[in-house]
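A.B. asks: Enclosed is the structure file start_18.txt (compact mmCIF, C-alpha atoms and all ligand atoms).
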```txt
# COMPACT_ATOMS: atom_id res chain seq x y z
CA MET P 856 0.00 0.00 0.00
CA THR P 857 1.30 3.47 -0.84
CA PRO P 858 1.94 5.51 2.30
CA ARG P 859 -0.32 8.52 2.52
CA SER P 860 -0.09 11.76 4.49
CA ASP P 861 -2.94 13.35 6.43
CA THR P 862 -3.21 17.07 7.09
CA SER P 863 -0.76 16.83 10.02
CA GLY P 864 1.89 15.57 7.62
CA VAL P 865 1.96 12.18 9.35
CA THR P 866 2.69 9.41 6.88
CA ARG P 867 0.55 6.33 7.41
CA SER P 868 0.92 2.81 6.11
CA LEU P 869 -0.55 -0.57 7.01
CA PRO P 870 -0.28 -1.28 10.74
CA VAL P 871 2.69 -3.47 11.67
CA ASP P 872 2.07 -6.63 13.69
CA PRO P 873 3.37 -6.54 17.28
CA ILE P 874 6.40 -8.80 17.56
CA ALA P 875 7.63 -11.04 20.36
CA PRO P 876 10.64 -9.33 21.95
CA ASP P 877 13.26 -12.00 21.31
CA PRO P 878 16.90 -10.89 20.87
CA ALA P 879 16.59 -10.67 17.06
CA ALA P 880 13.49 -8.47 17.33
CA VAL P 881 15.16 -6.23 19.92
CA ALA P 882 18.21 -5.87 17.64
CA GLN P 883 15.91 -4.99 14.71
CA ALA P 884 14.11 -2.42 16.86
CA ALA P 885 17.46 -0.89 17.86
CA ASP P 886 18.39 -0.54 14.17
CA VAL P 887 15.07 1.18 13.47
CA LEU P 888 15.74 3.64 16.32
CA ARG P 889 19.27 4.36 15.05
CA ASP P 890 17.75 5.13 11.64
CA GLY P 891 15.40 7.70 13.19
CA GLY P 892 12.36 5.40 13.42
CA LEU P 893 9.75 4.98 16.15
CA VAL P 894 9.52 1.86 18.33
CA ALA P 895 6.74 1.16 20.82
CA PHE P 896 8.05 -0.91 23.71
CA PRO P 897 6.75 -2.21 27.04
CA THR P 898 7.81 -0.70 30.33
CA GLU P 899 6.63 -1.76 33.78
CA THR P 900 4.33 1.30 33.92
CA VAL P 901 2.78 1.67 30.44
CA TYR P 902 3.99 1.21 26.84
CA GLY P 903 6.32 3.93 25.56
CA LEU P 904 6.76 5.35 22.05
CA GLY P 905 10.53 5.56 21.72
CA ALA P 906 12.76 7.68 19.49
CA ASP P 907 16.42 8.73 19.59
CA ALA P 908 16.26 11.63 22.08
CA ARG P 909 19.21 13.34 20.33
CA ALA P 910 17.54 13.36 16.89
CA PRO P 911 15.18 16.34 16.40
CA ALA P 912 13.48 14.84 13.33
CA ALA P 913 12.71 11.53 15.07
CA VAL P 914 11.41 13.32 18.17
CA ALA P 915 9.33 15.68 16.01
CA ARG P 916 7.68 12.61 14.50
CA VAL P 917 6.76 11.40 18.02
CA PHE P 918 4.95 14.69 18.64
CA ALA P 919 3.26 14.54 15.23
CA VAL P 920 1.94 10.97 15.46
CA LYS P 921 0.69 11.48 19.02
CA GLY P 922 -0.82 14.89 18.26
CA ARG P 923 1.09 16.09 21.31
CA PRO P 924 1.43 19.82 22.07
CA GLY P 925 5.00 20.93 21.44
CA ASP P 926 5.31 22.56 24.87
CA ASN P 927 5.02 19.20 26.68
CA PRO P 928 8.54 17.73 27.09
CA LEU P 929 9.36 14.04 26.83
CA ILE P 930 10.87 11.71 29.42
CA VAL P 931 14.33 10.51 28.41
CA HIS P 932 14.89 6.80 29.13
CA VAL P 933 18.39 5.50 29.78
CA GLY P 934 19.94 2.22 30.89
CA ASP P 935 21.43 3.32 34.21
CA ALA P 936 22.09 6.30 36.46
CA GLU P 937 25.53 6.99 34.99
CA ALA P 938 23.93 7.42 31.56
CA ALA P 939 21.30 9.68 33.14
CA TRP P 940 23.90 11.99 34.63
CA SER P 941 25.41 12.62 31.21
CA TRP P 942 22.20 14.46 30.24
CA ALA P 943 21.42 16.22 33.56
CA SER P 944 23.28 17.27 36.70
CA PRO P 945 22.46 15.03 39.66
CA THR P 946 21.83 16.56 43.07
CA PRO P 947 22.64 14.51 46.20
CA LEU P 948 18.88 13.88 46.45
CA ALA P 949 18.76 12.59 42.87
CA ARG P 950 21.64 10.20 43.50
CA ASP P 951 19.86 8.84 46.60
CA LEU P 952 16.54 8.42 44.76
CA ALA P 953 18.26 6.75 41.81
CA THR P 954 20.02 4.30 44.12
CA ALA P 955 16.77 3.49 45.89
CA TRP P 956 14.38 3.29 42.91
CA TRP P 957 16.19 2.78 39.59
CA PRO P 958 15.49 0.75 37.62
CA GLY P 959 11.84 1.42 38.37
CA PRO P 960 8.73 3.59 37.93
CA LEU P 961 10.34 6.87 39.01
CA THR P 962 11.19 9.84 36.76
CA LEU P 963 13.58 12.52 38.04
CA VAL P 964 13.46 16.13 36.83
CA LEU P 965 16.90 17.75 37.01
CA ASP P 966 18.82 20.66 35.50
CA GLY P 967 19.82 19.63 32.00
CA ARG P 968 23.30 19.94 30.52
CA GLY P 969 22.03 21.59 27.34
CA ALA P 970 22.98 18.53 25.32
CA LEU P 971 19.50 17.50 24.13
CA PRO P 972 17.53 19.20 21.34
CA VAL P 973 14.79 21.66 22.28
CA THR P 974 12.32 19.36 20.50
CA THR P 975 12.90 16.79 23.28
CA THR P 976 12.97 19.19 26.24
CA ALA P 977 10.32 21.58 24.85
CA GLY P 978 12.91 24.28 25.44
CA LEU P 979 13.00 23.81 29.22
CA ALA P 980 16.30 24.03 31.08
CA THR P 981 15.36 20.82 32.92
CA VAL P 982 15.31 17.20 31.73
CA ALA P 983 13.10 14.33 32.96
CA LEU P 984 15.02 11.03 33.20
CA ARG P 985 13.97 7.48 33.92
CA VAL P 986 15.63 4.06 34.04
CA PRO P 987 12.80 1.59 33.35
CA ALA P 988 12.76 -1.86 34.98
CA HIS P 989 10.94 -3.92 32.33
CA PRO P 990 13.35 -6.52 30.91
CA VAL P 991 12.37 -5.68 27.30
CA ALA P 992 12.92 -1.95 27.86
CA ARG P 993 16.28 -2.73 29.45
CA ALA P 994 17.28 -5.02 26.59
CA LEU P 995 16.30 -2.37 24.04
CA LEU P 996 18.24 0.38 25.84
CA ALA P 997 21.28 -1.89 26.08
CA ALA P 998 21.07 -2.83 22.39
CA VAL P 999 20.56 0.71 21.08
CA ASP P 1000 22.92 2.48 23.50
CA LEU P 1001 21.10 5.79 22.95
CA PRO P 1002 18.89 7.91 25.21
CA LEU P 1003 15.29 7.20 24.17
CA ALA P 1004 12.68 9.93 24.37
CA ALA P 1005 9.52 7.98 25.11
CA PRO P 1006 6.12 9.36 26.01
CA SER P 1007 3.27 6.93 26.60
CA ALA P 1008 2.41 5.29 23.25
CA ASN P 1009 -1.14 6.64 22.98
CA ARG P 1010 -2.62 9.43 20.91
CA SER P 1011 -2.49 12.58 23.01
CA GLY P 1012 -5.47 12.81 25.35
CA ARG P 1013 -6.23 9.07 25.30
CA PRO P 1014 -5.67 6.62 28.18
CA SER P 1015 -2.06 5.36 28.23
CA PRO P 1016 -1.58 1.93 26.61
CA THR P 1017 -0.99 -1.04 28.90
CA THR P 1018 -0.92 -3.65 26.10
CA ALA P 1019 0.46 -3.86 22.57
CA ALA P 1020 -3.14 -3.98 21.31
CA HIS P 1021 -3.80 -0.57 22.89
CA VAL P 1022 -0.75 0.82 21.05
CA LEU P 1023 -2.04 -0.51 17.74
CA ALA P 1024 -5.51 0.90 18.38
CA ASP P 1025 -4.06 4.41 18.72
CA LEU P 1026 -0.91 4.35 16.59
CA GLY P 1027 -1.25 1.43 14.18
CA GLY P 1028 0.11 2.55 10.82
CA VAL P 1029 2.35 5.30 12.20
CA VAL P 1030 4.76 3.34 14.39
CA ASP P 1031 7.58 1.33 12.80
CA VAL P 1032 7.91 -1.52 15.34
CA VAL P 1033 5.75 -2.64 18.28
CA LEU P 1034 7.49 -4.92 20.77
CA ASP P 1035 4.87 -6.97 22.62
CA GLY P 1036 5.85 -7.58 26.25
CA GLY P 1037 2.38 -8.53 27.50
CA PRO P 1038 0.26 -6.42 29.88
CA ALA P 1039 2.11 -3.73 31.86
CA GLU P 1040 2.51 -4.66 35.49
CA VAL P 1041 1.88 -1.25 37.11
CA GLY P 1042 -0.67 0.12 34.64
CA LEU P 1043 -0.19 3.85 35.45
CA GLU P 1044 2.59 6.20 34.38
CA SER P 1045 5.73 6.71 36.47
CA THR P 1046 5.96 9.00 39.49
CA VAL P 1047 7.54 12.28 38.33
CA VAL P 1048 9.65 13.99 41.00
CA ASP P 1049 11.46 17.30 40.83
CA ALA P 1050 14.76 16.31 42.46
CA ARG P 1051 16.56 19.62 42.14
CA GLY P 1052 16.03 20.64 45.77
CA LEU P 1053 16.68 19.10 49.16
CA VAL P 1054 13.42 17.14 49.33
CA PRO P 1055 11.45 15.39 46.56
CA LEU P 1056 8.61 17.38 45.03
CA VAL P 1057 6.03 15.04 43.47
CA LEU P 1058 4.82 16.50 40.15
CA ARG P 1059 2.84 13.39 39.12
CA PRO P 1060 1.90 10.63 41.61
CA GLY P 1061 2.65 7.02 40.65
CA ALA P 1062 3.74 3.63 41.93
CA VAL P 1063 6.63 5.13 43.89
CA THR P 1064 4.37 6.72 46.48
CA ALA P 1065 4.69 9.73 48.77
CA GLU P 1066 5.09 7.21 51.61
CA ASP P 1067 7.92 5.50 49.70
CA LEU P 1068 9.61 8.85 49.18
CA GLY P 1069 9.17 9.85 52.82
CA VAL P 1070 7.35 13.06 51.93
CA ALA P 1071 4.09 14.32 53.39
CA ALA P 1072 1.05 13.09 51.49
CA ASP P 1073 0.00 16.67 50.74
CA SER P 1074 3.38 17.65 49.31
CA THR P 1075 2.33 16.90 45.72
CA ALA P 1076 3.03 20.00 43.66
CA THR P 1077 0.66 22.91 43.85
CA VAL P 1078 -0.87 24.16 40.61
CA GLU P 1079 1.81 26.85 40.39
CA GLN P 1080 4.61 24.38 40.80
CA ALA P 1081 2.95 21.92 38.46
CA ARG P 1082 3.19 24.50 35.68
CA ALA P 1083 6.83 23.45 35.65
CA SER P 1084 5.53 20.00 34.59
CA PRO P 1085 3.66 21.03 31.46
CA GLY P 1086 1.87 17.72 30.92
CA THR P 1087 -0.17 18.18 34.07
CA HIS P 1088 -2.29 20.96 32.52
CA HIS P 1089 -2.97 19.32 29.17
CA ARG P 1090 -6.00 17.15 28.51
CA HIS P 1091 -5.37 13.63 29.63
CA TYR P 1092 -6.61 10.11 30.13
CA ALA P 1093 -9.96 10.72 28.50
CA PRO P 1094 -11.84 7.79 26.96
CA ASP P 1095 -14.73 8.41 24.57
CA CYS P 1096 -17.32 7.82 27.28
CA GLU P 1097 -18.22 9.57 30.52
CA VAL P 1098 -16.37 8.61 33.70
CA GLU P 1099 -18.21 9.02 37.01
CA VAL P 1100 -16.30 8.59 40.25
CA ALA P 1101 -18.62 7.15 42.92
CA PRO P 1102 -17.90 7.56 46.63
CA VAL P 1103 -16.33 4.59 48.44
CA GLY P 1104 -18.93 1.83 48.86
CA GLN P 1105 -21.45 3.41 46.46
CA GLY P 1106 -20.28 2.11 43.08
CA GLY P 1107 -23.12 -0.36 42.57
CA GLU P 1108 -25.76 2.09 43.72
CA ARG P 1109 -24.53 4.87 41.42
CA ALA P 1110 -24.26 2.49 38.48
CA ALA P 1111 -27.81 1.23 39.04
CA ARG P 1112 -29.09 4.82 39.16
CA ARG P 1113 -27.43 5.69 35.83
CA ALA P 1114 -28.75 2.49 34.23
CA ALA P 1115 -32.28 3.24 35.48
CA ALA P 1116 -31.98 6.66 33.78
CA GLY P 1117 -31.40 4.88 30.46
CA ALA P 1118 -27.60 4.95 30.13
CA ARG P 1119 -25.44 1.99 29.08
CA VAL P 1120 -23.29 1.65 32.19
CA GLY P 1121 -20.10 -0.18 33.14
CA LEU P 1122 -18.91 -0.64 36.72
CA LEU P 1123 -15.32 -0.78 37.91
CA GLY P 1124 -15.34 -1.51 41.61
CA PRO P 1125 -14.99 -4.21 44.24
CA GLY P 1126 -18.66 -5.22 44.38
CA ALA P 1127 -20.89 -7.17 41.98
CA ALA P 1128 -22.56 -5.21 39.16
CA PRO P 1129 -26.31 -4.67 39.58
CA PRO P 1130 -28.68 -6.04 36.89
CA GLY P 1131 -28.35 -4.20 33.57
CA VAL P 1132 -24.84 -2.95 34.37
CA THR P 1133 -21.72 -4.35 32.67
CA SER P 1134 -19.05 -5.45 35.12
CA LEU P 1135 -15.67 -4.23 33.83
CA ALA P 1136 -13.45 -5.60 36.61
CA HIS P 1137 -13.45 -6.24 40.36
CA PRO P 1138 -10.10 -4.88 41.55
CA ALA P 1139 -9.56 -5.67 45.21
CA ASP P 1140 -7.21 -2.79 46.02
CA ALA P 1141 -5.48 0.28 44.58
CA VAL P 1142 -2.63 -1.71 43.01
CA ALA P 1143 -5.10 -3.99 41.22
CA LEU P 1144 -7.25 -1.03 40.14
CA ALA P 1145 -4.18 0.75 38.71
CA ARG P 1146 -3.34 -2.35 36.66
CA VAL P 1147 -6.79 -2.65 35.02
CA LEU P 1148 -7.97 0.97 34.89
CA TYR P 1149 -6.89 2.01 31.38
CA ASP P 1150 -7.81 -1.34 29.85
CA ALA P 1151 -11.27 -1.07 31.42
CA LEU P 1152 -11.77 2.45 30.06
CA ARG P 1153 -10.84 1.28 26.57
CA ALA P 1154 -13.05 -1.82 26.91
CA ALA P 1155 -15.97 0.43 27.89
CA GLU P 1156 -15.46 2.45 24.73
CA ALA P 1157 -15.26 -0.65 22.60
CA ALA P 1158 -18.53 -1.89 24.13
CA ASP P 1159 -20.08 1.50 23.31
CA LEU P 1160 -20.98 2.23 26.91
CA ASP P 1161 -22.17 5.74 27.79
CA VAL P 1162 -20.65 5.90 31.25
CA VAL P 1163 -18.14 4.06 33.40
CA VAL P 1164 -18.79 4.30 37.13
CA VAL P 1165 -15.55 3.83 39.04
CA GLU P 1166 -15.72 3.40 42.79
CA ALA P 1167 -13.29 5.72 44.58
CA ILE P 1168 -10.54 4.33 46.79
CA ARG P 1169 -8.70 5.82 49.76
CA GLU P 1170 -5.97 8.24 48.78
CA THR P 1171 -3.05 6.53 50.43
CA GLY P 1172 -0.15 4.82 48.70
CA MET P 1173 -1.01 3.87 45.12
CA GLY P 1174 -4.55 5.15 45.75
CA ARG P 1175 -3.28 8.70 45.26
CA ALA P 1176 -2.07 8.01 41.70
CA VAL P 1177 -5.28 6.17 40.81
CA MET P 1178 -7.49 8.98 42.08
CA ASP P 1179 -5.33 11.59 40.29
CA ARG P 1180 -5.88 9.82 36.95
CA LEU P 1181 -9.57 9.17 37.66
CA ARG P 1182 -10.27 12.80 38.47
CA ARG P 1183 -8.61 13.85 35.20
CA ALA P 1184 -10.57 11.26 33.21
CA ALA P 1185 -13.85 12.33 34.85
CA ALA P 1186 -13.21 16.06 34.35
CA GLU P 1187 -12.11 15.64 30.74
CA ALA P 1188 -14.99 13.39 29.80
CA ALA P 1189 -17.37 15.96 31.23
CA THR P 1190 -15.83 18.90 29.35
CA ASP P 1191 -15.17 17.04 26.09
CA ALA P 1192 -18.64 15.60 25.73
O1 LIG K 1201 5.72 5.74 33.01
C1 LIG K 1201 6.02 6.68 32.27
O2 LIG K 1201 6.50 7.74 32.70
C2 LIG K 1201 5.81 6.48 30.76
C3 LIG K 1201 6.73 5.39 30.28
C4 LIG K 1201 6.68 5.21 28.79
O3 LIG K 1201 8.04 5.64 30.74
N1 LIG K 1201 6.00 7.72 30.05
C5 LIG K 1201 5.13 8.76 30.16
O4 LIG K 1201 5.48 9.84 29.37
O5 LIG K 1201 4.17 8.74 30.88
P1 LIG K 1201 4.48 11.03 29.07
O6 LIG K 1201 5.15 11.86 28.02
O7 LIG K 1201 3.16 10.49 28.74
O8 LIG K 1201 4.49 11.86 30.39
C6 LIG K 1201 5.64 12.59 30.77
C7 LIG K 1201 5.32 13.58 31.85
C8 LIG K 1201 4.49 14.73 31.33
O9 LIG K 1201 3.53 15.09 32.31
C9 LIG K 1201 5.53 15.82 31.15
O10 LIG K 1201 5.02 17.12 31.25
C10 LIG K 1201 6.49 15.52 32.30
O11 LIG K 1201 6.55 14.12 32.34
N2 LIG K 1201 7.82 16.07 32.05
C11 LIG K 1201 8.68 15.75 31.05
N3 LIG K 1201 9.78 16.53 31.11
C12 LIG K 1201 9.62 17.35 32.17
C13 LIG K 1201 10.41 18.39 32.76
N4 LIG K 1201 11.58 18.75 32.26
N5 LIG K 1201 9.91 19.03 33.85
C14 LIG K 1201 8.72 18.67 34.37
N6 LIG K 1201 7.93 17.70 33.87
C15 LIG K 1201 8.37 17.06 32.77
MG MG K 1202 1.27 10.29 28.36
```
Take the structure from the file and write it as structure tokens.

C.D. replies:
Amino acid sequence: MTPRSDTSGVTRSLPVDPIAPDPAAVAQAADVLRDGGLVAFPTETVYGLGADARAPAAVARVFAVKGRPGDNPLIVHVGDAEAAWSWASPTPLARDLATAWWPGPLTLVLDGRGALPVTTTAGLATVALRVPAHPVARALLAAVDLPLAAPSANRSGRPSPTTAAHVLADLGGVVDVVLDGGPAEVGLESTVVDARGLVPLVLRPGAVTAEDLGVAADSTATVEQARASPGTHHRHYAPDCEVEVAPVGQGGERAARRAAAGARVGLLGPGAAPPGVTSLAHPADAVALARVLYDALRAAEAADLDVVVVEAIRETGMGRAVMDRLRRAAAEAATDA
């Protein structure tokens, strides 16, 4: 099929099939990245859309295929802390956090060394760095030996992908290789921490929790501070159906009420779904809810549901990250409708 361009200048062709991440496939993916191509790969949080972070044209293509605003910088993925420090200056705090949590679902924002293109950093003086833990991500970083700029591999404004199928649904036809590493273990994006000061400042909550970091639960960045993390004010995590967050213990009741009013309703909560309501999943705790949340939102869309009722959970530990994403999904669905 002849590739065609849409109005954004993005060239599309037939979707590639996801491939099993054996050593030959990882080597092929590394070649594609060296040639300026785009590779979707699994991480322990969500799937990333990787490009050579030093190559402005490759990174520009990431922004184009995602439809991502140019003022929202990308996370740069590297194989280890030493590689990270060649792109940004570590503070004593950053070194401690890296020792404790890398490889893992933690991204550190630090003063950059001016060595990455403005396309990658969105012109900021800081750089966000992460050493992922997923064995396929690690194998790819080792094989390519380049810093990989990798946002979540979804179209901008959609729930992050937690499976290769989610990547194809959003980016089939515009990504060169999709490495299939199975479902992501965490299911929500990494914790983003500004590590330039003496104590961690959480810009985006994630699996490395405030408790893990030894910071007060309410120390997550204020709106003013969060402006330094541009992604936090863009539209996010919105499926094509409404998301209603029900109070703890009231998921079934709220879902039944919406169904009685004539809506096609899905329930994501610990209890059984009432008659006429589709049960999406029964996660027992915050960690389980994080793992299934984005898949459930996409499944609700696919089933053409009008509304997903998600039962709230306590905002401790991983519950904080889940509720952060849920509130964004609920707000966006309401305003986008
Ligand atoms: O788990 C994750 O972090 C995944 C996987 C693929 O690693 N990546 C991911 O990337 O979620 P993305 O682009 O969807 O989200 C990156 C977030 C955005 O909110 C962005 O604004 C923020 O990190 N960020 C990037 N560079 C920054 C910087 N220099 N200062 C503050 N925030 C930054
Ligand atoms: Mg994202």

A.B. asks: Could you check the closest approach to P:Ala1141 for each of P:Gly1106, P:Pro1094, P:Leu1043, P:Asp1159 and tell me which residue wins, using all atoms listed in the file?

C.D. replies: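 Result for the nearest residue to P:Ala1141: P:Leu1043.
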
A.B. asks: Need the shell around P:Ala953: protein/DNA/RNA residues with any atom at most 10 Å away, counting all atoms listed in the file. Skip same-chain ones fewer than 3 positions apart. Format as a PyMOL selection string?

C.D. replies: chain P and resi 935-937+939+945+947-950+956-959+961-963+985-986

A.B. asks: Would you mind listing the residues within 8 Å of ligand MG 1202 (chain K), counting only C-alpha atoms and all ligand atoms, as a list of chain:residue names?

C.D. replies: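 The neighbouring residues of ligand MG 1202 (chain K) are, in order, P:Pro1006, P:Ser1007, P:Ala1008, P:Asn1009, P:Ser1011, P:Gly1012, P:Pro1014, P:Ser1015, P:Glu1044, P:Gly1086, P:His1091.
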
A.B. asks: At a cut-off of 6 Å, using only C-alpha atoms, what residues contact P:Ala1039? Leave out same-chain residues fewer than 3 positions from it and give the result as a list in words.

C.D. replies: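 Once the adjacent positions are removed, what remains is Glu899, Thr900, Val901, Thr1017 and Gly1042 of chain P.
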
A.B. asks: (-12.4, -1.4, 29.6) in this file's frame - what residues fall within 12 Å of it? Use only C-alpha atoms and give the answer as a PyMOL selection string.

C.D. replies: chain P and resi 1014+1016-1017+1021+1094-1096+1098+1120-1123+1133-1137+1144+1146-1160+1162-1165

A.B. asks: What does the structure give for the distance between atom CA of P:Val991 and atom CA of P:Gly1037, in Å to one decimal?

C.D. replies: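 Taking atom CA of P:Val991 as the start and atom CA of P:Gly1037 as the end point, the length is 10.4 Å.
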
A.B. asks: Have a look at atom N3 of ligand LIG 1201 (chain K) and atom CA of P:Val914 and let me know their distance in Å, one decimal.

C.D. replies: 13.4 Å

A.B. asks: What does the distance from atom CA of P:Val920 to atom CA of P:Asp890 come to in Å, to one decimal?

C.D. replies: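 Straight-line distance from atom CA of P:Val920 to atom CA of P:Asp890 works out to 17.3 Å.
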
A.B. asks: When you count all atoms listed in the file, which of these residues is closest to ligand LIG 1201 (chain K): P:Ala1186, P:Ala1143, P:Val933, P:Ala882?

C.D. replies: P:Val933

A.B. asks: For stretch 948-956 of chain P, supply all heavy atoms and report the output as an mmCIF file, keeping the file's coordinate frame.

C.D. replies:
```cif
data_model
loop_
_atom_site.group_PDB
_atom_site.id
_atom_site.type_symbol
_atom_site.label_atom_id
_atom_site.label_comp_id
_atom_site.auth_asym_id
_atom_site.auth_seq_id
_atom_site.Cartn_x
_atom_site.Cartn_y
_atom_site.Cartn_z
ATOM 1 N N LEU P 948 20.205 14.522 46.354
ATOM 2 C CA LEU P 948 18.880 13.880 46.450
ATOM 3 C C LEU P 948 18.636 12.948 45.265
ATOM 4 O O LEU P 948 18.161 11.813 45.424
ATOM 5 C CB LEU P 948 17.791 14.952 46.511
ATOM 6 C CG LEU P 948 16.347 14.456 46.389
ATOM 7 C CD1 LEU P 948 15.963 13.598 47.597
ATOM 8 C CD2 LEU P 948 15.374 15.631 46.244
ATOM 9 N N ALA P 949 18.986 13.409 44.071
ATOM 10 C CA ALA P 949 18.760 12.590 42.870
ATOM 11 C C ALA P 949 19.575 11.303 42.941
ATOM 12 O O ALA P 949 19.079 10.222 42.588
ATOM 13 C CB ALA P 949 19.129 13.380 41.619
ATOM 14 N N ARG P 950 20.807 11.411 43.392
ATOM 15 C CA ARG P 950 21.640 10.200 43.500
ATOM 16 C C ARG P 950 21.001 9.209 44.482
ATOM 17 O O ARG P 950 20.964 8.003 44.221
ATOM 18 C CB ARG P 950 23.049 10.554 43.970
ATOM 19 C CG ARG P 950 23.871 11.274 42.918
ATOM 20 C CD ARG P 950 25.295 11.507 43.439
ATOM 21 N NE ARG P 950 26.067 12.364 42.545
ATOM 22 C CZ ARG P 950 26.688 11.936 41.439
ATOM 23 N NH1 ARG P 950 26.635 10.660 41.099
ATOM 24 N NH2 ARG P 950 27.355 12.786 40.681
ATOM 25 N N ASP P 951 20.498 9.727 45.606
ATOM 26 C CA ASP P 951 19.860 8.840 46.600
ATOM 27 C C ASP P 951 18.615 8.181 46.011
ATOM 28 O O ASP P 951 18.393 6.973 46.186
ATOM 29 C CB ASP P 951 19.449 9.635 47.844
ATOM 30 C CG ASP P 951 20.659 10.023 48.686
ATOM 31 O OD1 ASP P 951 21.763 9.513 48.414
ATOM 32 O OD2 ASP P 951 20.476 10.849 49.606
ATOM 33 N N LEU P 952 17.782 8.972 45.323
ATOM 34 C CA LEU P 952 16.540 8.420 44.760
ATOM 35 C C LEU P 952 16.859 7.393 43.679
ATOM 36 O O LEU P 952 16.207 6.349 43.577
ATOM 37 C CB LEU P 952 15.663 9.541 44.199
ATOM 38 C CG LEU P 952 15.071 10.501 45.241
ATOM 39 C CD1 LEU P 952 14.368 11.669 44.548
ATOM 40 C CD2 LEU P 952 14.085 9.772 46.157
ATOM 41 N N ALA P 953 17.878 7.681 42.880
ATOM 42 C CA ALA P 953 18.260 6.750 41.810
ATOM 43 C C ALA P 953 18.742 5.427 42.420
ATOM 44 O O ALA P 953 18.385 4.346 41.936
ATOM 45 C CB ALA P 953 19.343 7.370 40.941
ATOM 46 N N THR P 954 19.529 5.525 43.470
ATOM 47 C CA THR P 954 20.020 4.300 44.120
ATOM 48 C C THR P 954 18.859 3.490 44.677
ATOM 49 O O THR P 954 18.824 2.258 44.558
ATOM 50 C CB THR P 954 21.000 4.669 45.261
ATOM 51 O OG1 THR P 954 22.072 5.419 44.691
ATOM 52 C CG2 THR P 954 21.544 3.431 45.943
ATOM 53 N N ALA P 955 17.887 4.194 45.250
ATOM 54 C CA ALA P 955 16.770 3.490 45.890
ATOM 55 C C ALA P 955 15.768 2.926 44.872
ATOM 56 O O ALA P 955 15.210 1.852 45.087
ATOM 57 C CB ALA P 955 16.048 4.440 46.850
ATOM 58 N N TRP P 956 15.546 3.625 43.744
ATOM 59 C CA TRP P 956 14.380 3.290 42.910
ATOM 60 C C TRP P 956 14.674 2.931 41.466
ATOM 61 O O TRP P 956 13.777 2.510 40.736
ATOM 62 C CB TRP P 956 13.358 4.434 42.945
ATOM 63 C CG TRP P 956 12.838 4.645 44.310
ATOM 64 C CD1 TRP P 956 13.157 5.652 45.167
ATOM 65 C CD2 TRP P 956 11.934 3.789 45.023
ATOM 66 N NE1 TRP P 956 12.510 5.492 46.357
ATOM 67 C CE2 TRP P 956 11.750 4.357 46.298
ATOM 68 C CE3 TRP P 956 11.257 2.609 44.708
ATOM 69 C CZ2 TRP P 956 10.926 3.780 47.254
ATOM 70 C CZ3 TRP P 956 10.427 2.031 45.653
ATOM 71 C CH2 TRP P 956 10.270 2.623 46.903
#
```
